[in-house]
>>> print(open('target11.txt').read())   # compact mmCIF, C-alpha atoms
# COMPACT_ATOMS: atom_id res chain seq x y z
CA MET A 1 63.98 164.15 129.28
CA LEU A 2 63.54 160.57 128.14
CA ARG A 3 63.96 158.07 130.98
CA ILE A 4 65.07 154.60 129.85
CA GLY A 5 65.15 151.57 132.11
CA LEU A 6 67.84 149.07 131.06
CA THR A 7 67.83 145.54 132.38
CA GLY A 8 68.91 142.00 131.62
CA GLY A 9 69.96 138.83 133.36
CA ILE A 10 73.47 138.27 134.67
CA GLY A 11 75.87 137.76 131.76
CA SER A 12 73.45 139.16 129.16
CA GLY A 13 75.72 142.02 128.09
CA LYS A 14 73.70 144.75 129.76
CA SER A 15 76.81 146.67 130.87
CA THR A 16 78.09 146.71 127.29
CA VAL A 17 74.78 148.13 126.08
CA ALA A 18 74.85 150.73 128.87
CA ALA A 19 78.29 151.88 127.72
CA GLN A 20 77.07 152.10 124.11
CA LEU A 21 74.08 154.22 125.11
CA ARG A 22 76.38 156.52 127.03
CA GLN A 23 78.52 156.97 123.92
CA LEU A 24 75.38 157.92 122.00
CA GLY A 25 74.69 160.75 124.44
CA ALA A 26 72.72 159.25 127.29
CA ALA A 27 73.49 159.99 130.91
CA LEU A 28 73.92 156.75 132.85
CA VAL A 29 72.71 156.03 136.37
CA ASP A 30 74.08 152.64 137.41
CA THR A 31 72.16 151.26 140.38
CA ASP A 32 74.65 148.42 140.88
CA ALA A 33 77.49 150.93 141.14
CA ILE A 34 75.44 152.93 143.65
CA ALA A 35 74.82 149.79 145.71
CA ARG A 36 78.55 149.03 145.71
CA GLN A 37 79.37 152.57 146.88
CA LEU A 38 76.84 152.27 149.68
CA THR A 39 78.50 149.07 150.91
CA LEU A 40 82.14 150.21 150.73
CA PRO A 41 83.96 151.23 153.93
CA GLY A 42 82.17 154.28 155.30
CA GLY A 43 79.18 153.75 152.98
CA ALA A 44 75.76 154.77 154.20
CA ALA A 45 74.53 151.15 154.32
CA ILE A 46 77.37 149.71 156.41
CA GLU A 47 76.13 150.54 159.90
CA PRO A 48 72.51 149.54 159.19
CA ILE A 49 73.83 146.22 157.80
CA ARG A 50 76.03 145.69 160.85
CA THR A 51 73.05 146.36 163.11
CA ALA A 52 70.70 144.08 161.18
CA PHE A 53 73.04 141.17 160.42
CA GLY A 54 75.99 141.38 162.81
CA ALA A 55 79.70 142.09 162.52
CA ASP A 56 80.36 138.86 160.58
CA PHE A 57 78.83 140.51 157.51
CA ILE A 58 81.33 143.39 157.54
CA ASP A 59 84.84 142.51 156.37
CA ALA A 60 88.17 143.55 157.91
CA ASN A 61 88.28 146.68 155.75
CA GLY A 62 84.84 147.83 156.87
CA ALA A 63 83.01 146.91 153.67
CA LEU A 64 80.14 144.50 153.17
CA ASN A 65 81.33 140.88 153.25
CA ARG A 66 79.77 140.04 149.90
CA ALA A 67 80.52 136.33 149.95
CA ALA A 68 78.92 135.87 153.37
CA MET A 69 75.90 137.96 152.44
CA ARG A 70 75.46 136.16 149.11
CA ALA A 71 75.50 132.79 150.85
CA LEU A 72 72.97 133.96 153.46
CA ALA A 73 70.66 135.54 150.90
CA PHE A 74 70.59 132.35 148.80
CA SER A 75 69.77 130.19 151.81
CA ASP A 76 67.36 132.57 153.57
CA PRO A 77 64.92 134.63 151.46
CA SER A 78 63.98 136.73 154.49
CA ALA A 79 67.61 137.87 154.81
CA LYS A 80 67.52 139.04 151.20
CA ARG A 81 64.38 141.04 151.93
CA ARG A 82 65.96 142.60 155.03
CA LEU A 83 69.04 143.62 153.02
CA GLU A 84 66.87 145.09 150.28
CA ALA A 85 64.89 147.05 152.88
CA ILE A 86 68.15 148.72 153.88
CA LEU A 87 69.60 149.24 150.41
CA HIS A 88 66.64 150.12 148.20
CA PRO A 89 65.64 153.43 149.86
CA LEU A 90 69.29 154.57 149.85
CA ILE A 91 69.72 153.51 146.21
CA GLY A 92 66.48 155.28 145.26
CA THR A 93 67.56 158.57 146.82
CA GLU A 94 70.98 158.52 145.14
CA THR A 95 69.47 157.42 141.82
CA GLU A 96 67.18 160.43 141.65
CA ARG A 97 69.95 162.77 142.79
CA GLN A 98 72.12 161.61 139.90
CA ALA A 99 69.23 161.82 137.44
CA LYS A 100 68.60 165.45 138.37
CA LEU A 101 72.26 166.22 137.68
CA SER A 102 71.83 164.74 134.17
CA GLN A 103 69.00 166.95 132.93
CA ALA A 104 71.10 168.42 130.11
CA ALA A 105 71.35 164.99 128.44
CA ARG A 106 68.91 163.85 125.76
CA ALA A 107 68.04 160.83 127.88
CA VAL A 108 68.98 159.23 131.16
CA VAL A 109 69.48 155.48 131.26
CA PHE A 110 68.80 153.72 134.56
CA ASP A 111 70.84 150.51 134.57
CA VAL A 112 68.76 148.32 136.91
CA PRO A 113 69.60 144.59 137.05
CA LEU A 114 66.45 143.83 139.06
CA LEU A 115 64.10 146.22 137.27
CA VAL A 116 61.40 143.61 136.77
CA GLU A 117 61.81 142.02 140.20
CA SER A 118 61.51 145.33 142.05
CA GLY A 119 58.00 145.98 140.77
CA ARG A 120 58.58 149.74 141.06
CA TRP A 121 60.63 150.75 138.05
CA ARG A 122 58.12 150.37 135.23
CA ALA A 123 56.25 153.45 136.46
CA ARG A 124 59.47 155.47 136.83
CA VAL A 125 60.68 155.20 133.24
CA ASP A 126 59.28 155.96 129.79
CA LYS A 127 60.82 152.96 128.04
CA VAL A 128 62.30 149.63 129.09
CA LEU A 129 65.12 148.03 127.09
CA VAL A 130 65.87 144.38 127.85
CA VAL A 131 69.13 142.71 126.87
CA ASP A 132 68.39 139.01 126.45
CA CYS A 133 70.32 135.80 125.79
CA ARG A 134 69.98 132.08 126.45
CA GLU A 135 70.71 130.80 129.97
CA GLU A 136 73.52 128.62 128.58
CA THR A 137 75.16 131.78 127.25
CA GLN A 138 74.74 133.55 130.59
CA LEU A 139 76.37 130.63 132.37
CA ARG A 140 79.33 130.46 130.01
CA ARG A 141 79.99 134.21 130.11
CA VAL A 142 79.80 134.58 133.89
CA VAL A 143 82.00 131.54 134.60
CA ALA A 144 84.57 132.86 132.12
CA ARG A 145 84.68 136.40 133.50
CA SER A 146 84.27 135.81 137.23
CA GLY A 147 85.57 132.32 137.91
CA TRP A 148 82.39 131.47 139.80
CA ALA A 149 81.32 127.85 139.99
CA ALA A 150 78.57 126.99 137.52
CA ALA A 151 76.23 126.10 140.41
CA ASP A 152 76.64 129.60 141.87
CA VAL A 153 75.78 131.21 138.53
CA ARG A 154 72.71 128.99 138.19
CA ALA A 155 71.63 130.04 141.69
CA VAL A 156 71.80 133.71 140.70
CA ILE A 157 69.87 133.06 137.48
CA ALA A 158 67.20 131.18 139.44
CA GLN A 159 66.68 134.18 141.75
CA GLN A 160 66.32 136.64 138.89
CA ALA A 161 63.21 137.18 136.81
CA SER A 162 62.75 134.70 134.01
CA ARG A 163 63.54 135.65 130.43
CA ASP A 164 59.81 135.66 129.66
CA GLN A 165 59.09 138.00 132.58
CA ARG A 166 61.76 140.46 131.46
CA ARG A 167 60.66 140.38 127.83
CA GLY A 168 57.07 140.85 128.94
CA CYS A 169 57.81 144.28 130.42
CA ALA A 170 60.06 145.44 127.56
CA ASP A 171 59.41 148.14 124.98
CA ALA A 172 62.39 146.74 123.04
CA VAL A 173 64.48 143.58 123.35
CA ILE A 174 68.01 143.07 122.05
CA PHE A 175 68.87 139.38 121.70
CA ASN A 176 72.58 139.49 122.48
CA ASP A 177 73.52 135.85 122.04
CA THR A 178 75.27 135.06 118.79
CA ILE A 179 75.57 138.56 117.30
CA SER A 180 78.89 140.36 116.89
CA GLU A 181 79.90 143.52 118.74
CA VAL A 182 79.27 145.50 115.55
CA GLN A 183 75.78 144.04 115.21
CA LEU A 184 75.08 144.76 118.88
CA ASP A 185 76.19 148.35 118.41
CA ASP A 186 73.90 148.67 115.37
CA GLU A 187 70.90 147.35 117.32
CA VAL A 188 71.52 149.70 120.23
CA ARG A 189 71.87 152.63 117.85
CA LEU A 190 68.55 151.81 116.14
CA VAL A 191 66.69 151.69 119.45
CA TRP A 192 68.31 154.95 120.56
CA GLN A 193 67.45 156.74 117.32
CA ARG A 194 63.84 155.54 117.37
CA TRP A 195 63.19 156.47 120.98
CA THR A 196 64.94 159.84 120.97
CA ALA A 197 63.11 160.77 117.76
CA GLU A 198 59.79 160.13 119.52
CA VAL A 199 60.51 162.82 122.11
CA ALA A 200 62.40 165.28 119.89
>>> encode(input="target11.txt", output="structure tokens")
Amino acid sequence: MLRIGLTGGIGSGKSTVAAQLRQLGAALVDTDAIARQLTLPGGAAIEPIRTAFGADFIDANGALNRAAMRALAFSDPSAKRRLEAILHPLIGTETERQAKLSQAARAVVFDVPLLVESGRWRARVDKVLVVDCREETQLRRVVARSGWAAADVRAVIAQQASRDQRRGCADAVIFNDTISEVQLDDEVRLVWQRWTAEVA
């Protein structure tokens, strides 16, 4: 089965591309969704996070206090590493469990926002697809959809791999900046057809 790693900076349109690949027949393993499940009330990461960071980082409902953790991670790189040390092994286990359940599909797409940053994913997939756009476009899209302050979006962009770093590890790049939804769909379809034909 073809294993595709999908990545892109915040606001690049990666989730839209993931949905399009799913419509074309790919199974989707969304590592962000897995991370969210792990940090919901009763999630496997909650008690390790409480132990490592304290009760202030668990909200009244028993979920991760995302705002508090985001602020800490931006101000203290070691805190980000400690959080990743808790989450990444749990995410990895669940990711492979879901992939094994998807073996009937023509391909499995691993949607990994930090694929490049992790340093581990390139060896786990056959192909890497990067969804790219200008930083100004990222900023505009994220502010519009989330209501975040522009400074907060810039802080996230600064912590992610650069556009050059992402493109440097890609087998294909879709520049999703000024193209229409129809054009984006066409580009995704072309990549899908080319890659699935290689392993047919």
>>> residues_around(input="target11.txt", residues="Arg82 (chain A)", least_positions_apart="3", cutoff="10 Å", atoms="all atoms listed in the file", output="PyMOL selection string")
chain A and resi 49+52-53+73+77-79+85-87
>>> closest_residue(input="target11.txt", among="A:Arg70, A:Ile91, A:Ile10, A:Ala19", to="Ile34 (chain A)", atoms="only C-alpha atoms")
A:Ile91
>>> closest_atom_pairs(input="target11.txt", of="region 2-67 of chain A", to="region 176-185 of chain A", cutoff="8 Å", atoms="all atoms listed in the file", output="JSON lines")
{"residue": "A:Ser12", "atom": "CA", "partner": "A:Asn176", "partner_atom": "CA", "distance": 6.7}
{"residue": "A:Gly13", "atom": "CA", "partner": "A:Asn176", "partner_atom": "CA", "distance": 6.9}
{"residue": "A:Val17", "atom": "CA", "partner": "A:Asp185", "partner_atom": "CA", "distance": 7.8}
{"residue": "A:Gln20", "atom": "CA", "partner": "A:Asp185", "partner_atom": "CA", "distance": 6.9}
>>> residues_near_point(input="target11.txt", point="(65.9, 142.2, 135.6)", cutoff="9 Å", atoms="only C-alpha atoms", output="PyMOL selection string")
chain A and resi 6-10+112-118+130+160-163+165-166
>>> closest_residue(input="target11.txt", among="A:Val153, A:Arg145, A:Asp76, A:Phe110", to="Ala33 (chain A)", atoms="all atoms listed in the file")
A:Phe110
>>> atom_distance(input="target11.txt", atom1="CA of Asp126 (chain A)", atom2="CA of Ala172 (chain A)")
11.8 Å
>>> atom_distance(input="target11.txt", atom1="CA of Arg189 (chain A)", atom2="CA of Gln103 (chain A)")
21.0 Å
>>> closest_residue(input="target11.txt", among="A:Ala55, A:Leu101, A:Ala27, A:Met69", to="Arg81 (chain A)", atoms="all atoms listed in the file")
A:Met69
>>> closest_residue(input="target11.txt", among="A:Arg122, A:His88, A:Arg22, A:Arg50", to="Leu64 (chain A)", atoms="only C-alpha atoms")
A:Arg50
>>> atom_distance(input="target11.txt", atom1="CA of Ser75 (chain A)", atom2="CA of Ala151 (chain A)")
13.7 Å
>>> closest_residue(input="target11.txt", among="A:Gly147, A:Gly168, A:Val142, A:Leu24", to="Val191 (chain A)", atoms="all atoms listed in the file")
A:Leu24
>>> closest_residue(input="target11.txt", among="A:Ala197, A:Ala170, A:Val29, A:Ala18", to="Gln98 (chain A)", atoms="all atoms listed in the file")
A:Val29
>>> residues_near_point(input="target11.txt", point="(66.3, 155.6, 129.4)", cutoff="10 Å", atoms="only C-alpha atoms", output="ChimeraX atom specification")
/A:1-6,18,21,26-29,106-111,125-129,192,195-196
